[in-house]
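Following: one structure in C-alpha cells, then a few remarks.
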2 protein chains.
Amino acid sequence: MPRGFGRGNWHGRFRGCGYRWTIARQSVLDVLGKATRHLSAEDIYMQMHKVNPGVGLTTIYRTLELLVQMGIVIKSDFGEGRARYEMAEGPKGLNHHHHLICTGCGKVIDYTDFIDDEVELLQRTEKGLSKKYNFKISNHLIQFYGLCQVCKNK
Amino acid sequence: MPRGFGRGNWHGRFRGCGYRWTIARQSVLDVLGKATRHLSAEDIYMQMHKVNPGVGLTTIYRTLELLVQMGIVIKSDFGEGRARYEMAEGPKGLNHHHHLICTGCGKVIDYTDFIDDEVELLQRTEKGLSKKYNFKISNHLIQFYGLCQVCKNK
DNA sequence: ATATTAATGAAAATCATTTTCATTAATATG
DNA sequence: CATATTAATGAAAATGATTTTCATTAATAT
Ligand SMILES: [Mn+2]
Ligand SMILES: [Mn+2]
Ligand SMILES: [Zn+2]
Ligand SMILES: [Zn+2]
C-alpha cells in the first residue's frame, strides 16, 4: 500500500477510473467523510486549510466536480446561491434521502422516512410521466420548505 | 381607468400593495403573460426591448423580484446557472405544477397531471415530516430529470 | 401644476465558479 | 532508485448572473 494513504480503497477506485490519487482528493474525502452538515466548497477549504494549507480552493472545486461525476458525492442547491456537498454514501451504506429546508435560518434536515412510500409513488409517477411525455426519467429532486422548530416559534 | 394601461386589474393590485404601476412592470407582465416557455431575465429583456427599448435589465430583475414576492410569478432553477420565470396563474386559473427537465437539451415540460396518489402522498409525507421534525412545511419542490423524446433517441 | 418620493437606468460592484497557464508531483518504466 | 510522461495543481485572471449605488425620472397625491 502506498505510504501516506490510509483507509478505504479510494486509491484503487480512482486508479480504476484512470485518475491519480492525490493529497487534495484524499483530503476532500476526509473532510466530507467527517462532516455532519452539508458543506460548501469554502467550508471544505477552511477545514482543509488547518491540515493541508497548500491545497487551493480551485482544486477543491475541481475535486468536487470529479467526486460528483463519480457518484461519490452529492451536490445540492438549497437556494443560497452556493452549492453544498455531502457524501453519497454514509457510514451505514447507501443513503438516498431528501431535504427539509428552513426558510428562516437555512437549516437543512436530511430525511429518509417515508422513502419507501415515496419510492413506490415515484415509480408509478415516473411510469405515467414517461409514457405520457415520452420521457426517460432517471432522477428526481424533492425538497420541502418551511420553518424549523426554532424559527416557527418567533 | 388610467390611460395607456389596458387589461386586467394589475394597477389596483399594485396600488393596493403600495406599489406604483409603471410601464416596465406592465411590460414584464405582458411578456410573461404571452410566453409559452420559462423565460430568463434576459429573455424578457430581449422581448421587451422590441416594444419598450427604454427599460433596462436591472429594472427587469427588480420587477421580477417584486412579482415573485407578490406571488404573481414563479421563479425556478433548472440548473443552468440562471433563473427562469413564468406566471403563477395561467389563463385557466391557478396552475400549481411540477417540472420534467431534459438533461440532454434543457427542455422543460410542465406537468399538472398529478396522479391522485401523488397529492395524497405529499400530504401524508408533509404531515409525517411536520410531526417528526417539528417543521412547519409551507412549500415543496419536485423535479424529474431525464431525457426527452428527441434526446432519448440519439 | 407642483411636491413628494418610489422607480429607474447606467455603471460599478459582488461573488461563486471557471478558465488559463506555468509549475508540480503521481505514476509507469527501466 | 532515477527518469520520463502528463495529470493535477495553485495563483491569478476571467466569467457571468445578479445586486448595489447614485443621480435622474416619472407616478401619484394634493
Ligand atoms: Mn443531505
Ligand atoms: Mn413551469
Ligand atoms: Zn430555522
Ligand atoms: Zn432533450
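Chains: A, B, ... in order of the C-alpha cells. Residues: from 1 per chain. Ligands: from 1, in order shown.
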Item to complete: With a distance threshold of 10 Å and counting only C-alpha atoms (C1' of nucleotides), extract the residues of chain A near chain C and express them as a PyMOL selection string.
Response: chain A and resi 19-22+41-42+58+61-62+81-83
Worksheet item: Pairing every Cα of chain A with chain B in order, what RMSD remains after the least-squares superposition?
Response: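 For chain B versus chain A, the C-alpha RMSD is 0.6 Å.
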Practice prompt. Could you please determine the separation between CA of Lys127 (chain A) and CA of His38 (chain B) in Å, to one decimal place?
Written response: 24.8 Å
Item to complete: Report as a ChimeraX atom specification: the residues of chain A with a DSSP assignment of alpha helix (DSSP H), based on the backbone of this structure.
Response: /A:10-16,23-34,41-51,57-69,115-133,149-152
Fill in: Residues within 10 Å of ligand 2, counting only C-alpha atoms (C1' of nucleotides) and all ligand atoms, as a PyMOL selection string
chain B and resi 36-39+74-76+84-88+95-100+108-112
Write a file of the just-selected residues containing N, CA, C and O atoms, as a tab-separated table (two decimals), in the first residue's frame.
chain	number	residue	atom	x	y	z
B	36	THR	N	-44.85	31.13	-23.75
B	36	THR	CA	-45.23	29.72	-23.67
B	36	THR	C	-44.08	28.90	-23.09
B	36	THR	O	-44.18	27.69	-22.98
B	37	ARG	N	-42.98	29.58	-22.76
B	37	ARG	CA	-41.85	28.87	-22.17
B	37	ARG	C	-41.48	29.53	-20.84
B	37	ARG	O	-42.09	30.52	-20.44
B	38	HIS	N	-40.47	28.96	-20.19
B	38	HIS	CA	-39.95	29.57	-18.97
B	38	HIS	C	-38.85	30.54	-19.37
B	38	HIS	O	-37.85	30.13	-19.96
B	39	LEU	N	-39.03	31.80	-19.07
B	39	LEU	CA	-38.13	32.83	-19.58
B	39	LEU	C	-37.09	33.26	-18.55
B	39	LEU	O	-37.39	33.38	-17.36
B	74	ILE	N	-43.61	32.84	-10.72
B	74	ILE	CA	-42.83	31.76	-10.11
B	74	ILE	C	-41.43	31.75	-10.69
B	74	ILE	O	-41.25	31.84	-11.90
B	75	LYS	N	-40.47	31.66	-9.81
B	75	LYS	CA	-39.06	31.63	-10.19
B	75	LYS	C	-38.56	30.21	-10.04
B	75	LYS	O	-38.78	29.59	-9.00
B	76	SER	N	-37.91	29.69	-11.06
B	76	SER	CA	-37.42	28.31	-10.99
B	76	SER	C	-35.96	28.23	-11.36
B	76	SER	O	-35.44	29.07	-12.09
B	84	ARG	N	-35.28	31.10	-14.13
B	84	ARG	CA	-36.31	31.25	-15.16
B	84	ARG	C	-37.64	31.54	-14.49
B	84	ARG	O	-37.85	31.16	-13.34
B	85	TYR	N	-38.48	32.25	-15.22
B	85	TYR	CA	-39.71	32.77	-14.64
B	85	TYR	C	-40.92	32.43	-15.48
B	85	TYR	O	-40.83	32.33	-16.70
B	86	GLU	N	-42.05	32.28	-14.81
B	86	GLU	CA	-43.32	32.05	-15.51
B	86	GLU	C	-44.44	32.59	-14.62
B	86	GLU	O	-44.28	32.74	-13.41
B	87	MET	N	-45.58	32.89	-15.23
B	87	MET	CA	-46.73	33.34	-14.47
B	87	MET	C	-47.17	32.23	-13.52
B	87	MET	O	-47.20	31.06	-13.89
B	88	ALA	N	-47.55	32.61	-12.31
B	88	ALA	CA	-48.03	31.62	-11.35
B	88	ALA	C	-49.40	31.12	-11.76
B	88	ALA	O	-49.75	29.96	-11.56
B	95	ASN	N	-52.40	27.21	-11.13
B	95	ASN	CA	-51.65	26.40	-12.05
B	95	ASN	C	-50.49	25.70	-11.35
B	95	ASN	O	-49.39	25.65	-11.90
B	96	HIS	N	-50.71	25.18	-10.16
B	96	HIS	CA	-49.60	24.51	-9.47
B	96	HIS	C	-49.15	23.32	-10.31
B	96	HIS	O	-49.95	22.49	-10.72
B	97	HIS	N	-47.87	23.26	-10.56
B	97	HIS	CA	-47.37	22.16	-11.37
B	97	HIS	C	-45.91	21.89	-11.05
B	97	HIS	O	-45.27	22.65	-10.35
B	98	HIS	N	-45.43	20.78	-11.56
B	98	HIS	CA	-44.02	20.42	-11.38
B	98	HIS	C	-43.37	20.34	-12.74
B	98	HIS	O	-44.03	20.52	-13.76
B	99	HIS	N	-42.07	20.03	-12.73
B	99	HIS	CA	-41.32	20.10	-13.99
B	99	HIS	C	-40.57	18.81	-14.31
B	99	HIS	O	-40.00	18.16	-13.45
B	100	LEU	N	-40.60	18.50	-15.59
B	100	LEU	CA	-39.79	17.44	-16.17
B	100	LEU	C	-38.67	18.12	-16.94
B	100	LEU	O	-38.94	18.93	-17.84
B	108	VAL	N	-37.91	21.87	-20.85
B	108	VAL	CA	-38.67	21.73	-19.60
B	108	VAL	C	-40.14	21.54	-19.93
B	108	VAL	O	-40.72	22.30	-20.71
B	109	ILE	N	-40.73	20.50	-19.35
B	109	ILE	CA	-42.15	20.24	-19.53
B	109	ILE	C	-42.88	20.48	-18.22
B	109	ILE	O	-42.45	19.98	-17.18
B	110	ASP	N	-43.93	21.27	-18.27
B	110	ASP	CA	-44.82	21.41	-17.11
B	110	ASP	C	-45.72	20.20	-17.05
B	110	ASP	O	-46.23	19.79	-18.08
B	111	TYR	N	-45.92	19.69	-15.87
B	111	TYR	CA	-46.99	18.70	-15.80
B	111	TYR	C	-47.88	18.95	-14.60
B	111	TYR	O	-47.43	19.30	-13.53
B	112	THR	N	-49.16	18.82	-14.85
B	112	THR	CA	-50.14	19.03	-13.80
B	112	THR	C	-50.92	17.75	-13.58
B	112	THR	O	-51.79	17.69	-12.73
Item to complete: Write down as a PyMOL selection string the residues of region 32-150 of chain A whose backbone DSSP state falls under strand (DSSP E or B).
Response: chain A and resi 39+73-77+83-87+89-90+93-94+98-102+108-111+136-147
Each residue of chain A lying at most 7 Å from ligand 3 should get a row with its shortest atom-to-atom pair and the distance in Å to one decimal, counting only C-alpha atoms and all ligand atoms; could you produce that, ordered by chain and increasing number, as a Markdown table?
| residue | atom | partner | partner_atom_place_in_ligand_line | distance |
| --- | --- | --- | --- | --- |
| A:Cys102 | CA | ligand 3 | 1 (Zn) | 4.6 |
| A:Thr103 | CA | ligand 3 | 1 (Zn) | 6.4 |
| A:Gly104 | CA | ligand 3 | 1 (Zn) | 4.5 |
| A:Cys105 | CA | ligand 3 | 1 (Zn) | 3.9 |
| A:Gly106 | CA | ligand 3 | 1 (Zn) | 6.0 |
| A:Lys107 | CA | ligand 3 | 1 (Zn) | 5.5 |
| A:Leu147 | CA | ligand 3 | 1 (Zn) | 5.4 |
| A:Cys148 | CA | ligand 3 | 1 (Zn) | 4.3 |
| A:Gln149 | CA | ligand 3 | 1 (Zn) | 6.7 |
| A:Val150 | CA | ligand 3 | 1 (Zn) | 5.6 |
| A:Cys151 | CA | ligand 3 | 1 (Zn) | 4.3 |
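Applying a distance limit of 8 Å to only C-alpha atoms (C1' of nucleotides), the residues of chain D near chain B read DA17, DA27 and DT28 of chain D.
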Store the residues picked out above, limited to N, CA, C and O atoms (P, O5', C5', C4', C3', O3' and C1' of nucleotides), as a CSV table (one decimal), in the first residue's frame.
chain,number,residue,atom,x,y,z
D,17,DA,P,-25.1,35.1,-18.0
D,17,DA,O5',-26.1,35.0,-16.8
D,17,DA,C5',-26.2,33.9,-16.0
D,17,DA,C4',-26.4,34.3,-14.5
D,17,DA,C3',-27.6,35.2,-14.3
D,17,DA,O3',-28.4,34.7,-13.2
D,17,DA,C1',-25.7,36.3,-13.4
D,27,DA,P,-44.8,57.4,-15.5
D,27,DA,O5',-45.7,56.9,-14.2
D,27,DA,C5',-45.1,55.9,-13.4
D,27,DA,C4',-45.8,56.0,-12.0
D,27,DA,C3',-47.3,56.2,-12.0
D,27,DA,O3',-47.9,55.4,-11.0
D,27,DA,C1',-46.2,58.0,-10.9
D,28,DT,P,-49.4,55.4,-10.8
D,28,DT,O5',-49.7,56.5,-9.6
D,28,DT,C5',-49.0,56.2,-8.3
D,28,DT,C4',-49.2,57.4,-7.4
D,28,DT,C3',-50.7,57.9,-7.3
D,28,DT,O3',-51.1,57.6,-6.0
D,28,DT,C1',-49.1,59.7,-7.5
Item to complete: Starting from chain B, keep only residues with some atom at most 6 Å from an atom of chain A, counting only C-alpha atoms, and report them as a ChimeraX atom specification.
Response: /B:134-149
Worksheet entry | Å distance separating C1' of DA26 (chain D) from CA of Glu89 (chain B), one decimal place | 29.8 Å
Practice prompt. Grab the CA of Leu94 (chain A) to CA of His49 (chain A) distance for me, in Å with one decimal place.
Written response: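 Going from CA of Leu94 (chain A) over to CA of His49 (chain A), I get 29.0 Å.
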Fill in: All residues 9 Å or closer to Leu67 (chain B), only C-alpha atoms (C1' of nucleotides), same chain fewer than 6 positions away omitted, as a ChimeraX atom specification
/B:25,29,73-74
Produce a file of the selected residues containing all heavy atoms, as a short mmCIF file (atom, residue, chain, number, x, y, z; two decimals), in the first residue's frame.
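File out32.cif, as written:
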data_model
loop_
_atom_site.label_atom_id
_atom_site.label_comp_id
_atom_site.auth_asym_id
_atom_site.auth_seq_id
_atom_site.Cartn_x
_atom_site.Cartn_y
_atom_site.Cartn_z
N ARG B 25 -43.27 47.52 -15.37
CA ARG B 25 -43.98 46.43 -14.72
C ARG B 25 -45.06 45.85 -15.63
O ARG B 25 -45.24 44.64 -15.73
CB ARG B 25 -44.57 46.92 -13.39
CG ARG B 25 -43.47 47.14 -12.37
CD ARG B 25 -43.88 47.87 -11.13
NE ARG B 25 -42.69 48.05 -10.29
CZ ARG B 25 -42.69 48.67 -9.12
NH1 ARG B 25 -43.79 49.20 -8.64
NH2 ARG B 25 -41.56 48.78 -8.45
N LEU B 29 -45.12 41.97 -17.27
CA LEU B 29 -46.30 41.11 -17.18
C LEU B 29 -46.83 40.76 -18.56
O LEU B 29 -47.28 39.64 -18.79
CB LEU B 29 -47.38 41.79 -16.33
CG LEU B 29 -47.12 41.72 -14.84
CD1 LEU B 29 -48.10 42.58 -14.06
CD2 LEU B 29 -47.19 40.27 -14.35
N VAL B 73 -45.62 35.67 -9.94
CA VAL B 73 -44.69 34.98 -10.82
C VAL B 73 -43.95 33.91 -10.04
O VAL B 73 -43.70 34.06 -8.84
CB VAL B 73 -43.71 35.99 -11.45
CG1 VAL B 73 -42.49 35.31 -12.03
CG2 VAL B 73 -44.41 36.83 -12.52
N ILE B 74 -43.61 32.84 -10.72
CA ILE B 74 -42.83 31.76 -10.11
C ILE B 74 -41.43 31.75 -10.69
O ILE B 74 -41.25 31.84 -11.90
CB ILE B 74 -43.50 30.41 -10.38
CG1 ILE B 74 -44.79 30.31 -9.55
CG2 ILE B 74 -42.58 29.26 -10.03
CD1 ILE B 74 -45.62 29.11 -9.90
#
Worksheet item: Near DG10 (chain D), counting only C-alpha atoms (C1' of nucleotides), which residues have an atom at most 9 Å away, once you skip same-chain residues fewer than 2 positions from it, shown as a ChimeraX atom specification?
Response: /A:54-59 /C:23
